[in-house]
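The structure under discussion appears below in the form of structure tokens.
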Amino acid sequence: MPFRAGAALTPPPPPSRPAPPRPRYRGGFTHRESRPERRRVCPSLPSSLCPFRPAVRLHWLPAPCRGGGFMLSAASPLADGEAAGGMGPGGLRRWLSSRAPAPRICVVGSGPAGFYTAQHILKHHDLAQVDIYEKLPVPFGLVRFGVAPDHPEVKNVINTFTHTARSDRCAYYGNVTVGRDVTVGELQQAYHAVVLSYGAEDNRVLGIPGENLSGVYSARAFVGWYNGLPENRDLKPDLSCETALILGHGNVALDIARILLSPLDFLRKTDITDCSLAALACSKVKRVWLAGRRGPLQVAFTIKELREMINLPGTQPVLNPADFTGLENAVKDAPRPRKRLTELMIKTALEKHREKAVMAQAAVPRQWGLKFQRSPQEVLPTADGMRVRGVRMALTRLEGSGDSAKAVPTGDMEELECGLVLSSIGYRSLPLDPAVPFDTQHSIIPNNLGRVMGVPGLYCSGWVKRGPVGVIITTMNDSFDTAQSVLEDLQEGVLDVSVSKEGFGAVGSILRSRGIRPVSFSEWEKIDAAEVARGKAAGKPREKIVDPQEMLQLIGH
């Protein structure tokens with residue numbers, strides 16, 4: 001219908017805040033893709049006032065105006081005082097300034113993926129309210145329970161997460177297990193969008209005979225033990241043997257090797273748990289081998305982790321120069337990180353091999369070494385069949401090159417004696433709720449840019465989205481991507497925010513009816529203060545509380 005001056009107009013729904021272009025984060029800087037601006041025609045506006053008609057060039061400012069709604073930009077012809085069809089900019093501004101409903105968004109999981117997702121949404125949407133749910137009373141996930149105790153600089157990201165949690169538009173609810181205390185369906189009823197960021201709560205298994213013998217542990221459990229993860233506090237690993245075998249060539253494998261061989265004086269200054277430190281003080285482990293199915297060009301650890309191991313006081317690297325024959329030429333055209341990493345391994349193998357004779361005459365130090373092209377076939381038991389005494393390994397050859405090379409058994413076998421086996425072959429996510437699709441083969445939630453397939457309004461980020469790979473910066477980029485999908489869906493009307501949602505108002509009632517009392521972020525800060533005070537008394541950054549019941553008693557729950 002043609003527009004007539006003075007005609008009554010039905011106000012359109014307040015437009016969602018335009019989401020910024022999907023950013024690419026590299027090295028702490030933001031590089032924005034240049035692409036055509038997305039434009040949506042609002043059918044409720046008369047054609048002569050359509051904000052996306054080039055002749056009118058009416059734009060929304062990213063920030064809402066006072067009292068809600070969105071203002072016209074100063075660059076708009078209408079904002080400069082032009083009337084359109086008899087309606088001045090003041091009337092249109094008042095028309096558009098009715099308060100837009102605040103999108104309520106729920107994030108499940110308070111690790112890096114959860115906090116980075118929340119951070120990005122809060123930064124780029126001035127009305128969004130984000131609630132973060134965590135099954136433990138304490139937040140931060142793998143930053144608290146996965147990062148090695150002697151890497152405090154990596155944990156500084158907690159400061160950023162704390163800033164996010166203290167936002168007026170963000171709330172933290174710990175001690176709530178989604179899927180048990182409240183279902184995903186109930187969360188979807190209470191929120192406009194639900195983002196699953198609960199990480200990988202299990203580990204991949206070897207699938208070989210003897211894997212369940214005493215003395216065989218997953219890397220996830222061992223790391224959780226020395227980092228104070230409540231579920232692993234009673235692990236009590238047997239460290240009475242001299243030789244340990246770690247299966248895997250990733251950063252976690254090197255972290256474990258370093259913790260096993262580090263001087264106690266180093267560890268005493270970290271936030272490693274008191275019980276773990278006591279066990280390591282009695283440890284007899286003095287040799288650690290790290291074995292992998294493929295070769296030096298396929299190791300997954302980084303040069304930083306390798307350099308720390310090489311320079312670890314009181315230890316001697318044992319690398320076989322023959323494993324690196326011809327690799328100087330093979331890495332000439334490799335990406336710089338891979339080239340530098342391989343060159344450091346070659347240098348260490350050659351230098352330490354020459355020093356070996358000298359070291360043999362001195363007191364035998366603690367040793368560690370890398371074993372390549374060996375695939376575990378069976379964990380061998382002691383005579384009584386109760387404990388591990390070694391691992392039978394199949395020797396392999398590589399087919400292909402680079403990261404895509406495959407390890408193929410040659411038919412030859414060898415036995416490696418050890419009294420401790422740590423399987424570091426990867427983590428895996430588990431299904432959370434029957435209502436959530438789950439790919440059991442890849443242990444991820446099927447998704448497209450974080451949008452859960454077939455379930456509108458449900459999203460995922462982090463390891464449960466892409467698999468347990470990468471470092472914290474990888475998770476940051478991934479989570480920002482998912483958050484951007486949420487923002488775009490808000491902008492495009494895929495998420496209907498015209499209907500108000502109660503958020504925690506509804507969920508809190510459900511939890512109270514089931515006897516669940518959430519932990520707030522301010523209550524977590526009381527736990528944090530207690531840990532720091534206990535640590536200060538012991539000369540440590542903190543002494544972690546490992547019993548959830550003790551945490552809850554501390555805050556009066």
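Naming scheme: A, B, ... for chains in displayed order of the structure tokens; residues 1 onward per chain; ligands 1 onward as shown.
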
Which residues of stretch 195-308 of chain A come within 12 Å of stretch 442-457 of chain A, and what is each one's closest atom pair and distance in Å (one decimal), counting only C-alpha atoms, sorted by chain and residue number, as a Markdown table?
| residue | atom | partner | partner_atom | distance |
| --- | --- | --- | --- | --- |
| A:Val195 | CA | A:Gly457 | CA | 8.5 |
| A:Leu196 | CA | A:Ile445 | CA | 9.1 |
| A:Ser197 | CA | A:Gly450 | CA | 10.2 |
| A:Tyr198 | CA | A:Ile445 | CA | 11.0 |
| A:Gly199 | CA | A:Ile444 | CA | 9.6 |
| A:Ala200 | CA | A:Ser443 | CA | 8.7 |
| A:Glu201 | CA | A:Ser443 | CA | 10.7 |
| A:Asp202 | CA | A:Ser443 | CA | 10.0 |
| A:Asn203 | CA | A:Ser443 | CA | 10.5 |
| A:Arg204 | CA | A:Ser443 | CA | 9.9 |

Got time to write the residues from that selection, all heavy atoms, as a PDB file, in the first residue's frame?
ATOM      1  N   VAL A 195      23.960 -22.556  24.739  1.00  0.00           N
ATOM      2  CA  VAL A 195      25.253 -22.929  24.148  1.00  0.00           C
ATOM      3  C   VAL A 195      25.896 -23.998  25.024  1.00  0.00           C
ATOM      4  O   VAL A 195      26.129 -23.776  26.217  1.00  0.00           O
ATOM      5  CB  VAL A 195      26.196 -21.716  24.029  1.00  0.00           C
ATOM      6  CG1 VAL A 195      27.479 -22.121  23.287  1.00  0.00           C
ATOM      7  CG2 VAL A 195      25.514 -20.552  23.316  1.00  0.00           C
ATOM      8  N   LEU A 196      26.182 -25.150  24.447  1.00  0.00           N
ATOM      9  CA  LEU A 196      26.818 -26.254  25.165  1.00  0.00           C
ATOM     10  C   LEU A 196      28.333 -26.158  25.004  1.00  0.00           C
ATOM     11  O   LEU A 196      28.853 -26.261  23.894  1.00  0.00           O
ATOM     12  CB  LEU A 196      26.296 -27.590  24.640  1.00  0.00           C
ATOM     13  CG  LEU A 196      24.773 -27.762  24.692  1.00  0.00           C
ATOM     14  CD1 LEU A 196      24.362 -29.083  24.060  1.00  0.00           C
ATOM     15  CD2 LEU A 196      24.269 -27.671  26.123  1.00  0.00           C
ATOM     16  N   SER A 197      29.022 -25.942  26.104  1.00  0.00           N
ATOM     17  CA  SER A 197      30.482 -25.756  26.084  1.00  0.00           C
ATOM     18  C   SER A 197      31.112 -26.580  27.196  1.00  0.00           C
ATOM     19  O   SER A 197      32.006 -26.108  27.900  1.00  0.00           O
ATOM     20  CB  SER A 197      30.817 -24.271  26.270  1.00  0.00           C
ATOM     21  OG  SER A 197      30.096 -23.450  25.390  1.00  0.00           O
ATOM     22  N   TYR A 198      30.637 -27.815  27.356  1.00  0.00           N
ATOM     23  CA  TYR A 198      31.013 -28.597  28.540  1.00  0.00           C
ATOM     24  C   TYR A 198      32.268 -29.448  28.356  1.00  0.00           C
ATOM     25  O   TYR A 198      32.651 -30.214  29.252  1.00  0.00           O
ATOM     26  CB  TYR A 198      29.838 -29.456  29.005  1.00  0.00           C
ATOM     27  CG  TYR A 198      29.329 -30.468  28.002  1.00  0.00           C
ATOM     28  CD1 TYR A 198      29.887 -31.739  27.923  1.00  0.00           C
ATOM     29  CD2 TYR A 198      28.271 -30.170  27.148  1.00  0.00           C
ATOM     30  CE1 TYR A 198      29.406 -32.678  27.027  1.00  0.00           C
ATOM     31  CE2 TYR A 198      27.778 -31.095  26.258  1.00  0.00           C
ATOM     32  CZ  TYR A 198      28.353 -32.351  26.196  1.00  0.00           C
ATOM     33  OH  TYR A 198      27.877 -33.280  25.297  1.00  0.00           O
ATOM     34  N   GLY A 199      32.940 -29.326  27.212  1.00  0.00           N
ATOM     35  CA  GLY A 199      34.256 -29.938  27.059  1.00  0.00           C
ATOM     36  C   GLY A 199      34.253 -31.437  26.867  1.00  0.00           C
ATOM     37  O   GLY A 199      33.275 -32.041  26.423  1.00  0.00           O
ATOM     38  N   ALA A 200      35.372 -32.044  27.227  1.00  0.00           N
ATOM     39  CA  ALA A 200      35.571 -33.487  27.057  1.00  0.00           C
ATOM     40  C   ALA A 200      35.787 -34.110  28.432  1.00  0.00           C
ATOM     41  O   ALA A 200      36.830 -33.907  29.056  1.00  0.00           O
ATOM     42  CB  ALA A 200      36.766 -33.762  26.144  1.00  0.00           C
ATOM     43  N   GLU A 201      34.815 -34.865  28.893  1.00  0.00           N
ATOM     44  CA  GLU A 201      34.842 -35.392  30.257  1.00  0.00           C
ATOM     45  C   GLU A 201      35.357 -36.822  30.350  1.00  0.00           C
ATOM     46  O   GLU A 201      35.289 -37.435  31.416  1.00  0.00           O
ATOM     47  CB  GLU A 201      33.425 -35.332  30.850  1.00  0.00           C
ATOM     48  CG  GLU A 201      32.849 -33.929  30.911  1.00  0.00           C
ATOM     49  CD  GLU A 201      31.462 -33.916  31.521  1.00  0.00           C
ATOM     50  OE1 GLU A 201      30.535 -34.468  30.891  1.00  0.00           O
ATOM     51  OE2 GLU A 201      31.307 -33.351  32.612  1.00  0.00           O
ATOM     52  N   ASP A 202      35.875 -37.346  29.271  1.00  0.00           N
ATOM     53  CA  ASP A 202      36.349 -38.726  29.282  1.00  0.00           C
ATOM     54  C   ASP A 202      37.628 -38.803  28.455  1.00  0.00           C
ATOM     55  O   ASP A 202      38.075 -37.814  27.875  1.00  0.00           O
ATOM     56  CB  ASP A 202      35.264 -39.643  28.706  1.00  0.00           C
ATOM     57  CG  ASP A 202      35.460 -41.103  29.103  1.00  0.00           C
ATOM     58  OD1 ASP A 202      36.346 -41.382  29.940  1.00  0.00           O
ATOM     59  OD2 ASP A 202      34.748 -41.974  28.571  1.00  0.00           O
ATOM     60  N   ASN A 203      38.221 -39.978  28.411  1.00  0.00           N
ATOM     61  CA  ASN A 203      39.444 -40.175  27.633  1.00  0.00           C
ATOM     62  C   ASN A 203      39.265 -41.321  26.647  1.00  0.00           C
ATOM     63  O   ASN A 203      38.442 -42.216  26.852  1.00  0.00           O
ATOM     64  CB  ASN A 203      40.626 -40.487  28.551  1.00  0.00           C
ATOM     65  CG  ASN A 203      40.352 -41.674  29.458  1.00  0.00           C
ATOM     66  OD1 ASN A 203      39.800 -41.496  30.549  1.00  0.00           O
ATOM     67  ND2 ASN A 203      40.716 -42.882  29.027  1.00  0.00           N
ATOM     68  N   ARG A 204      40.024 -41.257  25.575  1.00  0.00           N
ATOM     69  CA  ARG A 204      40.020 -42.365  24.625  1.00  0.00           C
ATOM     70  C   ARG A 204      40.732 -43.561  25.258  1.00  0.00           C
ATOM     71  O   ARG A 204      41.667 -43.401  26.051  1.00  0.00           O
ATOM     72  CB  ARG A 204      40.733 -41.954  23.338  1.00  0.00           C
ATOM     73  CG  ARG A 204      39.998 -40.879  22.560  1.00  0.00           C
ATOM     74  CD  ARG A 204      40.821 -40.417  21.375  1.00  0.00           C
ATOM     75  NE  ARG A 204      41.167 -41.525  20.488  1.00  0.00           N
ATOM     76  CZ  ARG A 204      42.104 -41.472  19.550  1.00  0.00           C
ATOM     77  NH1 ARG A 204      42.804 -40.369  19.387  1.00  0.00           N
ATOM     78  NH2 ARG A 204      42.341 -42.510  18.777  1.00  0.00           N
TER      79      ARG A 204
END

Quick one: of A:Asn175, A:Asn329, A:Thr243, A:Ser485, who's nearest to A:Glu417, counting only C-alpha atoms?
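Closest candidate: A:Thr243.
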
Given only C-alpha atoms as the basis, pick out the residue of A:Arg104, A:Lys540, A:Arg258, A:Arg220 nearest to A:Glu502.
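Going through A:Arg104, A:Lys540, A:Arg258, A:Arg220 one by one, the smallest distance to A:Glu502 is for A:Arg104.
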
Of the candidates A:Pro237, A:Gly426, A:Gly179, A:Gly493, which one gets nearest to A:Val252 if we count only C-alpha atoms?
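Checking each of A:Pro237, A:Gly426, A:Gly179, A:Gly493 against A:Val252, counting only C-alpha atoms, the winner is A:Gly426.
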
Write out as an MDAnalysis selection string all residues of stretch 149-377 of chain A that DSSP puts in alpha helix (DSSP H) for this structure's backbone.
chainID A and resid 157:165 184:190 219:227 251:261 264:267 274:281 303:310 327:330 336:361

Surrounding residues of A:Pro230 excluding itself and chain neighbours under 3 positions, 7 Å, only C-alpha atoms, as a compact mmCIF listing (two decimals) with C-alpha atoms, in the first residue's frame:
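What follows is the written file out.txt:
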# COMPACT_ATOMS: atom_id res chain seq x y z
CA ARG A 233 41.52 -36.85 44.11
CA VAL A 546 39.74 -30.92 46.22
CA ASP A 547 36.56 -32.01 48.03
CA PRO A 548 33.35 -30.38 46.71

With only C-alpha atoms as the counted atoms, please give the residues lying no more than 6 Å from stretch 128-133 of chain A, apart from itself and same-chain residues fewer than 3 positions off, as a count of residues only.
15

Give the answer as one residue: which of A:Leu430, A:Leu142, A:Ala257, A:Ala300 has the shortest atom-to-atom distance to A:Gly470, using only C-alpha atoms?
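Result for the nearest residue to A:Gly470: A:Ala300.
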
DSSP-assigned strand (DSSP E or B) members of stretch 200-407 of chain A, reported as a PyMOL selection string
chain A and resi 202-203+214+216-218+243-247+287-291+315-318+366-371+374-381+387-399+406-407

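For the residues A:Pro376, A:Pro209, A:Gly114, A:Gly228, ranking by smallest atom-to-atom distance to A:Arg144 using only C-alpha atoms places A:Gly228 first.
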
Residues at most 9 Å from stretch 305-322 of chain A, counting only C-alpha atoms, excluding those fewer than 2 positions away in the same chain, as a VMD selection string?
chain A and resid 251 254 to 255 257 to 258 261 to 263 286 289 301 to 303 324 to 325 341 344 to 346 348 to 350 352 to 353 356 359 364 to 371

Neighbour list for stretch 159-167 of chain A as an MDAnalysis selection string, cut-off 9 Å, only C-alpha atoms, skip fewer than 3 positions in-chain
chainID A and resid 112 115:116 118:119 122 132 140 155:156 170:172 521:522

Using the selection just defined, write its residues with all heavy atoms as a short mmCIF file (atom, residue, chain, number, x, y, z; two decimals), in the first residue's frame.
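Generated file (selection.cif):
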data_model
loop_
_atom_site.label_atom_id
_atom_site.label_comp_id
_atom_site.auth_asym_id
_atom_site.auth_seq_id
_atom_site.Cartn_x
_atom_site.Cartn_y
_atom_site.Cartn_z
N PRO A 112 37.32 -22.50 29.28
CA PRO A 112 37.64 -21.47 28.28
C PRO A 112 36.58 -21.31 27.21
O PRO A 112 36.23 -20.19 26.85
CB PRO A 112 38.96 -21.98 27.68
CG PRO A 112 39.58 -22.79 28.76
CD PRO A 112 38.43 -23.44 29.47
N PHE A 115 33.49 -19.40 28.75
CA PHE A 115 33.74 -18.00 29.07
C PHE A 115 34.03 -17.17 27.82
O PHE A 115 33.60 -16.02 27.73
CB PHE A 115 34.88 -17.87 30.09
CG PHE A 115 34.38 -17.79 31.50
CD1 PHE A 115 34.50 -18.87 32.36
CD2 PHE A 115 33.78 -16.64 31.97
CE1 PHE A 115 34.03 -18.80 33.66
CE2 PHE A 115 33.30 -16.55 33.27
CZ PHE A 115 33.43 -17.63 34.13
N TYR A 116 34.76 -17.73 26.87
CA TYR A 116 35.03 -16.97 25.65
C TYR A 116 33.73 -16.75 24.85
O TYR A 116 33.55 -15.69 24.24
CB TYR A 116 36.07 -17.68 24.78
CG TYR A 116 37.49 -17.42 25.21
CD1 TYR A 116 38.38 -18.46 25.42
CD2 TYR A 116 37.96 -16.11 25.39
CE1 TYR A 116 39.70 -18.22 25.80
CE2 TYR A 116 39.27 -15.87 25.78
CZ TYR A 116 40.13 -16.93 25.98
OH TYR A 116 41.43 -16.69 26.36
N ALA A 118 30.70 -16.48 26.17
CA ALA A 118 29.96 -15.45 26.90
C ALA A 118 30.59 -14.07 26.68
O ALA A 118 29.88 -13.07 26.46
CB ALA A 118 29.95 -15.79 28.39
N GLN A 119 31.91 -14.01 26.73
CA GLN A 119 32.62 -12.74 26.57
C GLN A 119 32.29 -12.08 25.24
O GLN A 119 32.01 -10.87 25.17
CB GLN A 119 34.13 -12.99 26.67
CG GLN A 119 35.00 -11.79 26.35
CD GLN A 119 36.47 -12.16 26.25
OE1 GLN A 119 36.96 -12.97 27.03
NE2 GLN A 119 37.18 -11.59 25.29
N LEU A 122 28.58 -10.80 25.11
CA LEU A 122 28.39 -9.61 25.94
C LEU A 122 29.06 -8.38 25.33
O LEU A 122 28.54 -7.27 25.41
CB LEU A 122 28.95 -9.86 27.34
CG LEU A 122 28.19 -10.89 28.19
CD1 LEU A 122 29.00 -11.26 29.41
CD2 LEU A 122 26.83 -10.35 28.59
N ILE A 132 25.92 -18.62 33.05
CA ILE A 132 26.86 -19.72 32.85
C ILE A 132 26.62 -20.78 33.93
O ILE A 132 26.64 -20.47 35.13
CB ILE A 132 28.32 -19.23 32.93
CG1 ILE A 132 28.57 -18.15 31.86
CG2 ILE A 132 29.30 -20.38 32.76
CD1 ILE A 132 29.95 -17.50 31.96
N PHE A 140 36.18 -22.34 35.64
CA PHE A 140 37.39 -22.24 34.82
C PHE A 140 37.86 -23.55 34.19
O PHE A 140 38.82 -23.56 33.43
CB PHE A 140 38.54 -21.55 35.56
CG PHE A 140 38.16 -20.23 36.17
CD1 PHE A 140 38.53 -19.92 37.47
CD2 PHE A 140 37.40 -19.32 35.45
CE1 PHE A 140 38.16 -18.71 38.04
CE2 PHE A 140 37.04 -18.11 36.02
CZ PHE A 140 37.41 -17.80 37.31
N LYS A 155 47.56 -19.54 33.13
CA LYS A 155 46.36 -19.39 33.94
C LYS A 155 45.95 -17.93 34.12
O LYS A 155 44.89 -17.66 34.70
CB LYS A 155 46.58 -20.04 35.31
CG LYS A 155 46.90 -21.53 35.21
CD LYS A 155 47.04 -22.19 36.57
CE LYS A 155 47.46 -23.64 36.42
NZ LYS A 155 47.49 -24.37 37.70
N ASN A 156 46.76 -17.00 33.65
CA ASN A 156 46.40 -15.59 33.77
C ASN A 156 45.12 -15.24 33.03
O ASN A 156 44.50 -14.21 33.30
CB ASN A 156 47.54 -14.71 33.25
CG ASN A 156 48.73 -14.70 34.19
OD1 ASN A 156 48.58 -14.98 35.38
ND2 ASN A 156 49.91 -14.38 33.68
N CYS A 170 26.06 -10.77 33.33
CA CYS A 170 26.53 -12.17 33.35
C CYS A 170 26.34 -12.73 34.76
O CYS A 170 26.56 -12.03 35.75
CB CYS A 170 28.00 -12.24 32.94
SG CYS A 170 28.65 -13.93 32.82
N ALA A 171 25.92 -13.97 34.84
CA ALA A 171 25.78 -14.65 36.14
C ALA A 171 26.36 -16.05 36.04
O ALA A 171 26.28 -16.70 35.00
CB ALA A 171 24.32 -14.70 36.56
N TYR A 172 26.97 -16.49 37.13
CA TYR A 172 27.58 -17.83 37.21
C TYR A 172 26.79 -18.66 38.21
O TYR A 172 26.46 -18.19 39.31
CB TYR A 172 29.03 -17.71 37.66
CG TYR A 172 29.67 -19.02 38.06
CD1 TYR A 172 30.17 -19.90 37.10
CD2 TYR A 172 29.78 -19.38 39.40
CE1 TYR A 172 30.75 -21.11 37.47
CE2 TYR A 172 30.36 -20.58 39.78
CZ TYR A 172 30.84 -21.44 38.81
OH TYR A 172 31.42 -22.63 39.18
N PHE A 521 29.05 -16.59 41.75
CA PHE A 521 30.45 -16.24 41.52
C PHE A 521 31.05 -15.59 42.77
O PHE A 521 32.23 -15.81 43.07
CB PHE A 521 30.60 -15.30 40.32
CG PHE A 521 32.00 -15.25 39.79
CD1 PHE A 521 32.51 -16.27 39.01
CD2 PHE A 521 32.84 -14.19 40.10
CE1 PHE A 521 33.82 -16.25 38.54
CE2 PHE A 521 34.15 -14.14 39.63
CZ PHE A 521 34.63 -15.18 38.85
N SER A 522 30.27 -14.82 43.49
CA SER A 522 30.79 -14.20 44.72
C SER A 522 31.11 -15.29 45.75
O SER A 522 32.07 -15.16 46.52
CB SER A 522 29.79 -13.20 45.29
OG SER A 522 28.56 -13.83 45.62
#

Can you pull out the residues contacting A:Lys236? Cut-off 10 Å, using only C-alpha atoms, and skip same-chain residues under 3 positions away; I want them as a list in words.
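Contacts, with the query itself left out: Phe222, Trp225, Asn232, Arg233, Leu239, Cys275, Ser276 and Ala279 of chain A.
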
Length of the atom CA of A:Met476 to atom CA of A:His124 vector [Å]
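Answer for the atom CA of A:Met476 to atom CA of A:His124 separation: 15.4 Å.
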
Hey, can you check how far atom CA of A:Pro137 sits from atom CA of A:Ile516?
11.8 Å

I'd like the interatomic distance between atom CA of A:Ala529 and atom CA of A:Pro541, to a tenth of an Å.
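These atoms are spaced 11.0 Å apart.
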
Give the answer as one residue: which of A:Thr440, A:Asn227, A:Gln298, A:Ser429 has the shortest atom-to-atom distance to A:Gly402, using only C-alpha atoms?
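Ranked by minimum distance to A:Gly402, first place goes to A:Gln298.
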